[in-house]
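Below is one structure; the comments refer to it alone.
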Amino acid sequence: MECWVCPLPAILHCIHCGPSPPACSPSHLLLHRPTGSCRPFALRQDERVGRYLVATMDIKAGESVLYEEALVVGPSRERKLVCVECLTPCPLPTSCPKCPLPLCSPACGGSWHLLECHKYRASIGSSQEDTLAHLQLLTALRLVARRGEQASKGELGVSLCEVGGEGLSSALDPEVLRKVLREVGMEEQEQEVVAAHNHLFINGKAITEGGSVGTGLFPLYSLLNHSCLPNTLTLLDKGRSLEEG
Ligand SMILES: [Zn+2]
Ligand SMILES: [Zn+2]
Ligand SMILES: [Zn+2]
Ligand SMILES: [Zn+2]
């Protein structure tokens, strides 16, 4: 039997659930039960359909199936003027005290904007059009930064979010892409940014609660099948963690 999340043999038992061992290693056993309840599914792969999740235990009505923090959260690619931290629409935003990106108030800094604030200390164009070009790509830039962080720590999310197609999608103007990358000094990472943008295009979850407008990437959630008549409910909390039940 394979580990619940990787192709290695499952040899470590979980004292909380069934007799078949779910994991190959202490770190994957920890991920099987990250919040006090066992994840009732395993990740499998098939040549025809790619990766998918399959239930490995009975799931009762109303039971939580998956709780997951976002790998990345940010403005959507639809060029809406929003606070880059809390994603509230801001028709008349103020700038971050340290860079030209828009915040709903100077006090609304936080961990997401810290991923790129240092890259924006130099000025970018001052028109709204210039700002929107950066917002369109900001979440892809964050995803590249988060993948770098996770890869250095050997974390799981990064391997679940393997790079997708590298061709430029029609939703992205090559001139805009190059201008943005030049202004943040990331010209050499063009392929990585395009792949991240495509990945968000395919697997991003729209964030629309409480008037916010943005997108988030939840690695395990993105592997769930879509159904027009779903048998689960998705909840997003204020910290942008996701629960599927
Ligand atoms: Zn494993
Ligand atoms: Zn268990
Ligand atoms: Zn804000
Ligand atoms: Zn800033």
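Residue numbering restarts at 1 in every chain; chains get A, B, ... in the order shown in the structure tokens, and ligands count up from 1 in that same order.
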
Within 9 Å of ligand 4, which residues of chain A come that close, and what is the closest atom pair and distance in Å for each? Count only C-alpha atoms and all ligand atoms and give it as CSV.
residue,atom,partner,partner_atom_place_in_ligand_line,distance
A:Val84,CA,ligand 4,1 (Zn),8.9
A:Ser95,CA,ligand 4,1 (Zn),7.6
A:Cys96,CA,ligand 4,1 (Zn),4.6
A:Pro97,CA,ligand 4,1 (Zn),6.4
A:Lys98,CA,ligand 4,1 (Zn),4.8
A:Cys99,CA,ligand 4,1 (Zn),4.1
A:Pro100,CA,ligand 4,1 (Zn),6.5
A:Leu101,CA,ligand 4,1 (Zn),5.9
A:Pro102,CA,ligand 4,1 (Zn),8.1
A:Leu103,CA,ligand 4,1 (Zn),8.4
A:Gly109,CA,ligand 4,1 (Zn),7.5
A:His113,CA,ligand 4,1 (Zn),6.4
A:Leu114,CA,ligand 4,1 (Zn),7.0
A:Glu116,CA,ligand 4,1 (Zn),7.3
A:Cys117,CA,ligand 4,1 (Zn),3.9
A:His118,CA,ligand 4,1 (Zn),6.9
A:Lys119,CA,ligand 4,1 (Zn),8.5
A:Tyr120,CA,ligand 4,1 (Zn),6.7
A:Arg121,CA,ligand 4,1 (Zn),7.3

Export N, CA and C atoms of the chosen residues as a short mmCIF file (atom, residue, chain, number, x, y, z; two decimals), in the first residue's frame?
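Saved file selection_7.cif follows:
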data_model
loop_
_atom_site.label_atom_id
_atom_site.label_comp_id
_atom_site.auth_asym_id
_atom_site.auth_seq_id
_atom_site.Cartn_x
_atom_site.Cartn_y
_atom_site.Cartn_z
N VAL A 84 -3.84 45.23 -1.48
CA VAL A 84 -3.05 44.04 -1.78
C VAL A 84 -2.91 43.10 -0.58
N SER A 95 -1.30 54.40 -0.58
CA SER A 95 -0.17 53.53 -0.90
C SER A 95 0.39 52.95 0.38
N CYS A 96 1.01 51.79 0.25
CA CYS A 96 1.79 51.23 1.35
C CYS A 96 2.83 52.29 1.76
N PRO A 97 3.11 52.48 3.08
CA PRO A 97 4.10 53.49 3.47
C PRO A 97 5.48 53.23 2.88
N LYS A 98 5.76 51.99 2.47
CA LYS A 98 7.10 51.67 1.99
C LYS A 98 7.20 51.46 0.49
N CYS A 99 6.06 51.31 -0.19
CA CYS A 99 6.11 51.04 -1.64
C CYS A 99 4.84 51.58 -2.30
N PRO A 100 4.79 51.60 -3.63
CA PRO A 100 3.65 52.23 -4.30
C PRO A 100 2.39 51.36 -4.42
N LEU A 101 2.39 50.13 -3.92
CA LEU A 101 1.19 49.28 -4.09
C LEU A 101 0.05 49.75 -3.18
N PRO A 102 -1.20 49.52 -3.61
CA PRO A 102 -2.35 50.05 -2.88
C PRO A 102 -2.72 49.23 -1.63
N LEU A 103 -3.02 49.94 -0.56
CA LEU A 103 -3.57 49.33 0.67
C LEU A 103 -4.85 50.09 1.02
N GLY A 109 -0.85 46.52 6.57
CA GLY A 109 0.23 45.66 6.08
C GLY A 109 0.06 44.28 6.68
N HIS A 113 1.57 40.83 1.83
CA HIS A 113 2.26 41.92 1.11
C HIS A 113 3.76 41.92 1.40
N LEU A 114 4.17 41.40 2.57
CA LEU A 114 5.60 41.34 2.87
C LEU A 114 6.37 40.50 1.86
N GLU A 116 6.28 40.73 -1.27
CA GLU A 116 6.78 41.49 -2.43
C GLU A 116 7.15 42.94 -2.11
N CYS A 117 6.82 43.43 -0.90
CA CYS A 117 6.99 44.87 -0.63
C CYS A 117 8.43 45.32 -0.96
N HIS A 118 9.43 44.51 -0.60
CA HIS A 118 10.82 44.92 -0.84
C HIS A 118 11.14 45.06 -2.33
N LYS A 119 10.40 44.33 -3.18
CA LYS A 119 10.68 44.43 -4.63
C LYS A 119 10.12 45.71 -5.22
N TYR A 120 9.20 46.35 -4.49
CA TYR A 120 8.50 47.51 -5.03
C TYR A 120 8.99 48.84 -4.45
N ARG A 121 10.15 48.83 -3.77
CA ARG A 121 10.65 50.09 -3.19
C ARG A 121 10.95 51.10 -4.29
#

- Task: Would you mind writing down, as number ranges by chain, each residue of range 4-209 of chain A that DSSP on the backbone assigns to strand (DSSP E)?
- Result: A: 41-46, 50-55, 66-69, 72-74, 94-95, 102-103, 205-207

Now that the selection is made, can you save its residues with C-alpha atoms as a short mmCIF file (atom, residue, chain, number, x, y, z; two decimals), in the first residue's frame?
data_model
loop_
_atom_site.label_atom_id
_atom_site.label_comp_id
_atom_site.auth_asym_id
_atom_site.auth_seq_id
_atom_site.Cartn_x
_atom_site.Cartn_y
_atom_site.Cartn_z
CA PHE A 41 -8.55 10.47 1.85
CA ALA A 42 -5.42 9.57 -0.10
CA LEU A 43 -3.79 11.14 -3.13
CA ARG A 44 -3.59 8.82 -6.12
CA GLN A 45 -2.37 9.21 -9.67
CA ASP A 46 -3.52 7.75 -12.94
CA GLY A 50 -3.73 12.68 -13.49
CA ARG A 51 -3.83 13.21 -9.71
CA TYR A 52 -6.98 12.87 -7.65
CA LEU A 53 -8.14 12.32 -4.06
CA VAL A 54 -9.96 9.16 -3.02
CA ALA A 55 -11.78 8.53 0.29
CA LEU A 66 -10.34 18.89 4.68
CA TYR A 67 -8.96 21.95 6.49
CA GLU A 68 -6.19 23.70 4.64
CA GLU A 69 -4.28 26.97 4.74
CA VAL A 72 -0.89 31.81 -1.63
CA VAL A 73 -3.59 34.49 -1.61
CA GLY A 74 -3.70 37.74 -3.60
CA THR A 94 -3.66 54.81 -0.12
CA SER A 95 -0.17 53.53 -0.90
CA PRO A 102 -2.35 50.05 -2.88
CA LEU A 103 -3.57 49.33 0.67
CA LYS A 205 -10.09 29.43 -5.89
CA ALA A 206 -12.00 32.70 -6.23
CA ILE A 207 -12.17 34.62 -2.94
#

Grab me every residue within 7 Å of ligand 1, counting only C-alpha atoms and all ligand atoms, and send it over as a JSON list (two decimals) with C-alpha atoms, in the first residue's frame.
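And here's out-v6.json as it stands now:
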[["chain", "number", "residue", "atom", "x", "y", "z"],
["A", 3, "CYS", "CA", 1.64, 6.41, 1.53],
["A", 4, "TRP", "CA", -1.49, 8.60, 1.54],
["A", 5, "VAL", "CA", 0.36, 11.40, -0.19],
["A", 6, "CYS", "CA", 3.45, 10.07, -2.00],
["A", 7, "PRO", "CA", 4.42, 6.91, -3.94],
["A", 8, "LEU", "CA", 6.60, 5.40, -1.16],
["A", 10, "ALA", "CA", 3.13, 3.21, 3.79],
["A", 23, "ALA", "CA", 2.17, 7.12, 5.80],
["A", 24, "CYS", "CA", 5.77, 6.52, 4.71],
["A", 25, "SER", "CA", 7.47, 8.86, 7.15],
["A", 28, "HIS", "CA", 3.73, 12.51, 6.08]]

- Task: Using only C-alpha atoms and all ligand atoms, determine which residues fall within 6 Å of ligand 2, then list them as a list in words.
- Result: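 Result of the 6 Å neighbour search around ligand 2: Cys14, His16, Cys17 and Cys38 of chain A.
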
Restricting the output to N, CA and C atoms, write the selected residues as a CSV table (one decimal), in the first residue's frame.
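Okay, this is what ended up in part_8.csv:
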chain,number,residue,atom,x,y,z
A,14,CYS,N,-1.2,4.9,12.1
A,14,CYS,CA,-1.8,6.0,12.9
A,14,CYS,C,-2.6,5.4,14.0
A,16,HIS,N,-5.0,6.6,15.6
A,16,HIS,CA,-6.3,7.1,15.7
A,16,HIS,C,-7.3,6.5,14.6
A,17,CYS,N,-6.8,5.8,13.6
A,17,CYS,CA,-7.7,5.3,12.6
A,17,CYS,C,-7.3,3.9,12.2
A,38,CYS,N,-8.1,12.8,11.5
A,38,CYS,CA,-7.4,12.2,10.4
A,38,CYS,C,-8.0,12.6,9.1

- Nearest to ligand 3: which of A:Leu29, A:Ala151, A:Val213, A:Leu71 is it, counting only C-alpha atoms and all ligand atoms?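 Smallest separation from ligand 3 among the options: A:Val213.
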
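Taking only C-alpha atoms and all ligand atoms into account, ligand 3 lies nearest to A:Ala107 out of the set A:Ile11, A:Met1, A:Met57, A:Ala107.
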
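Between ligand 3 and the residues A:Leu143, A:Leu81, A:Leu172, A:Leu223, the shortest atom-to-atom distance, using only C-alpha atoms and all ligand atoms, involves A:Leu81.
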
- Residues within 7 Å of ligand 3 (only C-alpha atoms and all ligand atoms), as JSON, numbers by chain? {"A": [83, 84, 85, 86, 87, 88, 103, 104, 105, 108]}

Just N, CA and C atoms for this one: save the residues we selected as a PDB file, in the first residue's frame.
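File produced: selection00.pdb:
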ATOM      1  N   CYS A  83      -7.060  46.361  -2.121  1.00  0.00           N
ATOM      2  CA  CYS A  83      -5.976  46.395  -1.140  1.00  0.00           C
ATOM      3  C   CYS A  83      -5.165  45.113  -1.323  1.00  0.00           C
ATOM      4  N   VAL A  84      -3.839  45.230  -1.477  1.00  0.00           N
ATOM      5  CA  VAL A  84      -3.050  44.036  -1.780  1.00  0.00           C
ATOM      6  C   VAL A  84      -2.914  43.100  -0.577  1.00  0.00           C
ATOM      7  N   GLU A  85      -3.328  43.557   0.618  1.00  0.00           N
ATOM      8  CA  GLU A  85      -3.257  42.676   1.778  1.00  0.00           C
ATOM      9  C   GLU A  85      -4.605  42.006   2.065  1.00  0.00           C
ATOM     10  N   CYS A  86      -5.667  42.831   2.274  1.00  0.00           N
ATOM     11  CA  CYS A  86      -6.946  42.228   2.687  1.00  0.00           C
ATOM     12  C   CYS A  86      -7.908  42.033   1.511  1.00  0.00           C
ATOM     13  N   LEU A  87      -7.539  42.517   0.311  1.00  0.00           N
ATOM     14  CA  LEU A  87      -8.290  42.312  -0.939  1.00  0.00           C
ATOM     15  C   LEU A  87      -9.637  43.034  -0.969  1.00  0.00           C
ATOM     16  N   THR A  88      -9.817  44.040  -0.087  1.00  0.00           N
ATOM     17  CA  THR A  88     -11.033  44.864  -0.147  1.00  0.00           C
ATOM     18  C   THR A  88     -10.942  45.773  -1.377  1.00  0.00           C
ATOM     19  N   LEU A 103      -3.024  49.942  -0.555  1.00  0.00           N
ATOM     20  CA  LEU A 103      -3.573  49.325   0.668  1.00  0.00           C
ATOM     21  C   LEU A 103      -4.852  50.086   1.022  1.00  0.00           C
ATOM     22  N   CYS A 104      -5.781  49.431   1.720  1.00  0.00           N
ATOM     23  CA  CYS A 104      -7.012  50.131   2.122  1.00  0.00           C
ATOM     24  C   CYS A 104      -6.707  51.183   3.186  1.00  0.00           C
ATOM     25  N   SER A 105      -5.665  50.961   3.990  1.00  0.00           N
ATOM     26  CA  SER A 105      -5.195  51.980   4.940  1.00  0.00           C
ATOM     27  C   SER A 105      -3.719  51.679   5.204  1.00  0.00           C
ATOM     28  N   CYS A 108      -2.793  48.517   7.099  1.00  0.00           N
ATOM     29  CA  CYS A 108      -3.216  47.180   6.666  1.00  0.00           C
ATOM     30  C   CYS A 108      -2.077  46.369   6.057  1.00  0.00           C
TER      31      CYS A 108
END

- Length of the CA of Ser222 in chain A to CA of Asn203 in chain A vector [Å]: 5.6 Å

- Item | Counting only C-alpha atoms, the option among A:Val176, A:Val193, A:Gly245, A:Met186 closest to Thr232 in chain A | A:Gly245

- Message: Between CA of Arg79 in chain A and CA of Leu224 in chain A, what distance in Å does the model show, to one decimal?
- Response: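 About the pair CA of Arg79 in chain A and CA of Leu224 in chain A: they are 27.4 Å apart.
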
- Using DSSP on the backbone, list every residue of range 101-228 of chain A that comes out as helix (DSSP H, G or I), and give them as JSON, numbers by chain. {"A": [111, 112, 113, 114, 117, 118, 119, 120, 128, 129, 130, 131, 132, 133, 134, 135, 136, 137, 138, 139, 140, 141, 142, 143, 144, 145, 146, 147, 148, 149, 150, 151, 152, 153, 156, 157, 158, 159, 160, 174, 175, 176, 177, 178, 179, 180, 181, 182, 183, 187, 188, 189, 190, 191, 192, 193, 194, 195, 196, 197, 198, 199, 200, 201, 202, 203, 209, 210, 211, 221, 222, 223]}

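Note that the spacing between CA of Thr139 in chain A and CA of Val184 in chain A amounts to 13.6 Å.
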
- Task: Check the smallest atom-to-atom distance from each of A:Pro106, A:Pro230, A:Gly125, A:Gly204 to Arg182 in chain A using only C-alpha atoms, then report the winner.
- Result: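 Of A:Pro106, A:Pro230, A:Gly125, A:Gly204, the one nearest Arg182 in chain A, counting only C-alpha atoms, is A:Gly125.
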
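Near Ser76 in chain A, within 6 Å and counting only C-alpha atoms, sit A:Glu78, A:Gly214, A:Thr215; same-chain residues fewer than 2 positions away were not included.
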
Output of the above residues as a PDB file, in the first residue's frame, restricted to N, CA and C atoms:
ATOM      1  N   GLU A  78      -8.074  39.663 -12.660  1.00  0.00           N
ATOM      2  CA  GLU A  78      -9.052  40.440 -13.423  1.00  0.00           C
ATOM      3  C   GLU A  78      -8.879  41.948 -13.292  1.00  0.00           C
ATOM      4  N   GLY A 214     -10.436  38.374  -4.831  1.00  0.00           N
ATOM      5  CA  GLY A 214      -9.087  37.867  -5.021  1.00  0.00           C
ATOM      6  C   GLY A 214      -9.107  36.411  -5.403  1.00  0.00           C
ATOM      7  N   THR A 215      -7.929  35.810  -5.302  1.00  0.00           N
ATOM      8  CA  THR A 215      -7.815  34.401  -5.629  1.00  0.00           C
ATOM      9  C   THR A 215      -6.856  33.746  -4.642  1.00  0.00           C
TER      10      THR A 215
END

- Message: Considering only C-alpha atoms, can you say which of A:Glu63, A:Asp237, A:Asp58, A:Glu209 comes closest to Gly18 in chain A?
- Response: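 Answer, going by the shortest atom-to-atom distance: A:Asp58.
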